[in-house]
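One structure is given below, encoded as C-alpha cells.
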Number of protein chains: 2
Amino acid sequence: MDLTTPCEQDLTQWIGDHPQDLPSSLIKHIGDDCAVFDPRSLSKLAVTADMLLEDVHFRRRWVSPYFLGRKSLLVNLSDLAAVGAQPYACLLALALPGDLTESYFNSFMKGFLEEGARWGAPLIGGDLSRSASIFVSVTAWGSFQTGRPLWRSEAQDGDILVLIGEVGLSRLGLEILRREDFSELWKIDSEDSLADWAGDDFRNRCLIAHLLPQSLVHVGTWLCENRVVNAMIDVSDGLGSDLLQIARQSQLAAEIEVDQLPLPDRKIGEIDPLEAALNGGEDYALLFATSEKQLDRLNSEYRTDFPPYRVIGRLYSGEPGLFLKRGKKRERYEPKGFDHFSSC
Amino acid sequence: MDLTTPCEQDLTQWIGDHPQDLPSSLIKHIGDDCAVFDPRSLSKLAVTADMLLEDVHFRRRWVSPYFLGRKSLLVNLSDLAAVGAQPYACLLALALPGDLTESYFNSFMKGFLEEGARWGAPLIGGDLSRSASIFVSVTAWGSFQTGRPLWRSEAQDGDILVLIGEVGLSRLGLEILRREDFSELWKIDSEDSLADWAGDDFRNRCLIAHLLPQSLVHVGTWLCENRVVNAMIDVSDGLGSDLLQIARQSQLAAEIEVDQLPLPDRKIGEIDPLEAALNGGEDYALLFATSEKQLDRLNSEYRTDFPPYRVIGRLYSGEPGLFLKRGKKRERYEPKGFDHFSSC
C-alpha cells in the first residue's frame, strides 16, 4: 500500500485479509458501497461516533500506533457501555499523513481489530485517506438483548451514585507524558514495555489508564440486563461534568461524598489527585444512579470478575447542580470540563 | 459557542435547536451517550462512511461552508443510492480549526441539515472537535423497503451497462477552481451567485457537479425496488475504475462504447472531456448492469422526473478487465483512478 495516496480500497483489502468473527445477521461487510445487515433480530440498536485527533486528543510521539488503534475503539465502546448495549460492529474513518509508514498503518489496524475481536465489535467497513495529521473517527453499534437502554435522564430523587472504574489516573498519566515528553514512547507497544518505562506501579497505572482505558462494556451490559440502574453515563469529560449531565437531565441535585471518592495515590507534577478525579477526563469509568433496593441486588449479585463498584454520593430533589460534601460541610462545585492540549 | 474548544455538546445542542423530521423508529437521538433506534421494522440496514478532508478532498477557499455541509452528506447518500437503500439517518464527526468563526460552523450545519431534510437522512448525533484543518466524517444508514440490496458482484454475461448522471463535469469543475484559484469563492453560498461567477452555462454545470453533486438516492431506491438492476456502483473514483470494480467482482469483461458515452462539451485547460469522463472522479453518477429484459422494463417504466439514463456498453464473459470500443476498434483500457490534490 502506498501511504501517499491511501484509499478506501486499501482499508477494505486490509480488512478482507484479516478474518474476523462476524455476526450472523451481517449480510455484507466489505467490498461494496455499503455494509448491509439484517437488524430484525436485534431489538434496539445504539449508535455512537467519537473522534481521536492528533494534537487535540493525543500526541503522535507519546503513543504507539498499536495502542492508538486499541484506544480508538475502546473510547467508542465506552459510549455503548454507558447505555448498556452489547457491541455489534463498527466503522473506521482513518486519515494518515504521507510521512507515516505502512507499518504504522498495520500496527494501528492490528490494535483496532484486536479490541474489536475482544469485545465483539468487528470492523465492517469505513474510509481511508491521507491527511496532514492523524485523524481517527469511529462509529460503533450495539444491541440490547433483554434490557432497555439506560439514559442519563432517569435518575430518581434519593438515588445513590455508584462509580465503577478509576477516575483521575488518566489525567495524571497525561501529565507524565507532558512533563517527560519522551519522544520514543511511540515505539512502546506492549504493556510490559510500558511498565518497564513507567518504573513504578502507580505511574504505570496512570499511563495505562490514559493510553489503554479499560473497557467496561460487559459491566454496562450486565447492569442493563439486571435492571439495577436508573441512569448511567460514561465518565469521559470528567466526573464532575459528567455527573452534572445526569443531574441536569434528571432535574436533581447531585452530591459527591469526597471521602468516598477513590482518589489516585499521589500528585503528578502540580496535578492534585482530587482535581484529577473531578476534572481529569478520559477516565472511561461508569457512573450511575441506583435506588436503595437496586443497590441491595447489586450487592448480592454483582459479578466478582468485574472491577469493584463504589458508592460515592447521592441525588436528591433540588435545583440541578453539583455539590461536594466533606464531613458536614457541603458546597456547590462548578466542574471545569477538560481540554487537554488547549494550553500546550 | 467557542470554536477554540468545541465539543460534542456544542454539536448536540445545535442539533437540538434545529428541529428535524425524525423516523418513528428512532427512540433517542441526542443528549445521551448513544442514539438508539428500533430497527425491527427496517428489514435490512445499509451503512457507509465517507470523509471529506481539507486539502485532500477540497480547498477551504474554493467552497462555502454551506456548500461543503451539503456535499458532505450528498457523497454519503450516493453510497446508499448505489445499493438501493432509502436514507434513514446519519452521524457527523466534524473537526474545525480555531480560526474559523461560529458562523462558518452554522453555515456548514445549515447545509448539512438541509440535505438531510431533503433526502430523509436526519442527523441523530456525532462528535465535534477543534483541529488544525477541516475534517468531516459522516456515517449514513439506509433501509430497504421491498427490494434487496444491489451488489457490484452480480452482473451477468450479456448485461447492458447503463449510466445515470453526468461523468467528467466534476473533474472539469475542479480544473476551473484550480486554474482560477479565486480566493473568495468560499463566500458564494447560493446557486445563483455561483452561476453569476461561472459566467456561462457549461462552466456553471461543471462547478455545480463538483461542489454540489446531484443526489440520485431516489433513483437508486426506485431501481432497487423495481428490480431492473443486476449490479450497481456509484461513480465516485472515476467511471473507468468503478466499472472495473463491477467487472472484477462479477468476473466479466466490460466494454464501453465510446460513442455512446455522454461527454462534457469541451476541454477545460488541458483536461480532455473523454479523460475527464473516464478518470475524473467525484461524479456521483450511478452505473449499473441490467439484462435486455430488465432494460425493456426500464424503457417503459422509468420515471420521467428522473435524470435520463444512457446505455454506454456491455459486459460479457472473458478475463475481467475494461475495454474501450470506438467503431469496430476495441482496445484494453487501464483506468487511472484519481487523487485530486496529489500534485497540487
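In the C-alpha cells, chains take letters A, B, ... by order of appearance, with residues numbered from 1 within each chain and ligands from 1 in the order shown.
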
* Exercise answer, chain B residues close to chain A, 7 Å and only C-alpha atoms, as a ChimeraX atom specification -> /B:32-40,43-51,56,79-80,82-83,93,126-127,131,137,151-152,233

* Asked: So which residues of region 12-211 of chain B fall under helix (DSSP H, G or I) by DSSP, listed as a PyMOL selection string?
  -> chain B and resi 12-17+39-41+60-62+65-83+102-119+152-154+169-180+185-187+191-198+201-211

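Residues in contact with region 58-65 of chain A at up to 8 Å, not including ones fewer than 3 positions away on its chain and judged by only C-alpha atoms, are A:Leu52, A:Leu53, A:Glu54, A:Asp55, A:Leu68, A:Gly69, A:Tyr104, A:Phe105, A:Ser107, A:Phe108, A:Gly111, A:Leu177, A:Asp181, A:Phe182, A:Ser183, A:Glu184, A:Leu185, A:Trp186, A:Lys187, A:Ile188, A:Asp189, A:Leu211.
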
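You can rank B:Val162, B:Val258, B:Leu298, B:Leu207 by their closest distance to Arg330 (chain B) using only C-alpha atoms, and at the top of that list sits B:Val258.
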
* Asked: Could you pull out all residues of region 72-164 of chain A with a DSSP call of strand (DSSP E or B) and give them as a count of residues only?
  -> 34

* Nearest residue to Asp283 (chain B) from the set B:Ala195, B:Ile164, B:Cys224, B:Ile176 (distances using only C-alpha atoms) ->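 The answer is B:Ile164, which sits nearest to Asp283 (chain B).
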
* **Residues near Gln260 (chain A), cut-off 8 Å, only C-alpha atoms, skip fewer than 6 positions along chain, as a VMD selection string** => chain A and resid 310 to 313

* **Contacts of Gly269 (chain B) within 12 Å, only C-alpha atoms, excl. fewer than 4 positions in-chain, as a PyMOL selection string** => chain B and resi 171-180+273+276

What's the 9 Å shell around Leu223 (chain B), counting only C-alpha atoms, without same-chain residues fewer than 6 positions away, as a compact mmCIF listing (two decimals) with all heavy atoms, in the first residue's frame?
# COMPACT_ATOMS: atom_id res chain seq x y z
N GLY B 84 -29.15 0.79 -3.37
CA GLY B 84 -30.61 0.87 -3.47
C GLY B 84 -31.31 1.16 -2.16
O GLY B 84 -32.52 0.93 -2.04
N GLY B 147 -37.13 -3.97 -1.99
CA GLY B 147 -36.08 -4.59 -2.81
C GLY B 147 -35.02 -5.28 -1.96
O GLY B 147 -35.04 -5.21 -0.75
N VAL B 229 -32.15 -4.02 -12.05
CA VAL B 229 -30.69 -3.93 -12.00
C VAL B 229 -30.11 -5.24 -11.50
O VAL B 229 -30.62 -5.83 -10.55
CB VAL B 229 -30.28 -2.78 -11.02
CG1 VAL B 229 -28.82 -2.87 -10.64
CG2 VAL B 229 -30.61 -1.42 -11.63
N LEU B 298 -37.27 -1.05 -17.90
CA LEU B 298 -36.76 0.29 -17.59
C LEU B 298 -37.29 1.27 -18.64
O LEU B 298 -37.77 2.36 -18.31
CB LEU B 298 -35.23 0.27 -17.59
CG LEU B 298 -34.51 1.48 -16.99
CD1 LEU B 298 -34.66 1.49 -15.47
CD2 LEU B 298 -33.04 1.46 -17.36
N TYR B 302 -39.49 3.74 -16.46
CA TYR B 302 -38.60 4.72 -15.82
C TYR B 302 -39.34 6.04 -15.63
O TYR B 302 -40.05 6.49 -16.53
CB TYR B 302 -37.35 4.93 -16.68
CG TYR B 302 -36.24 5.69 -16.00
CD1 TYR B 302 -35.53 5.14 -14.93
CD2 TYR B 302 -35.87 6.97 -16.44
CE1 TYR B 302 -34.50 5.85 -14.32
CE2 TYR B 302 -34.84 7.67 -15.84
CZ TYR B 302 -34.15 7.11 -14.78
OH TYR B 302 -33.13 7.80 -14.18

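Going from CA of Ser241 (chain B) over to CA of Ile271 (chain B), you cover 17.8 Å.
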
* To do: Find the distance between CA of Phe112 (chain A) and CA of Ser236 (chain B) and write it in Å to one decimal.
  => 27.3 Å
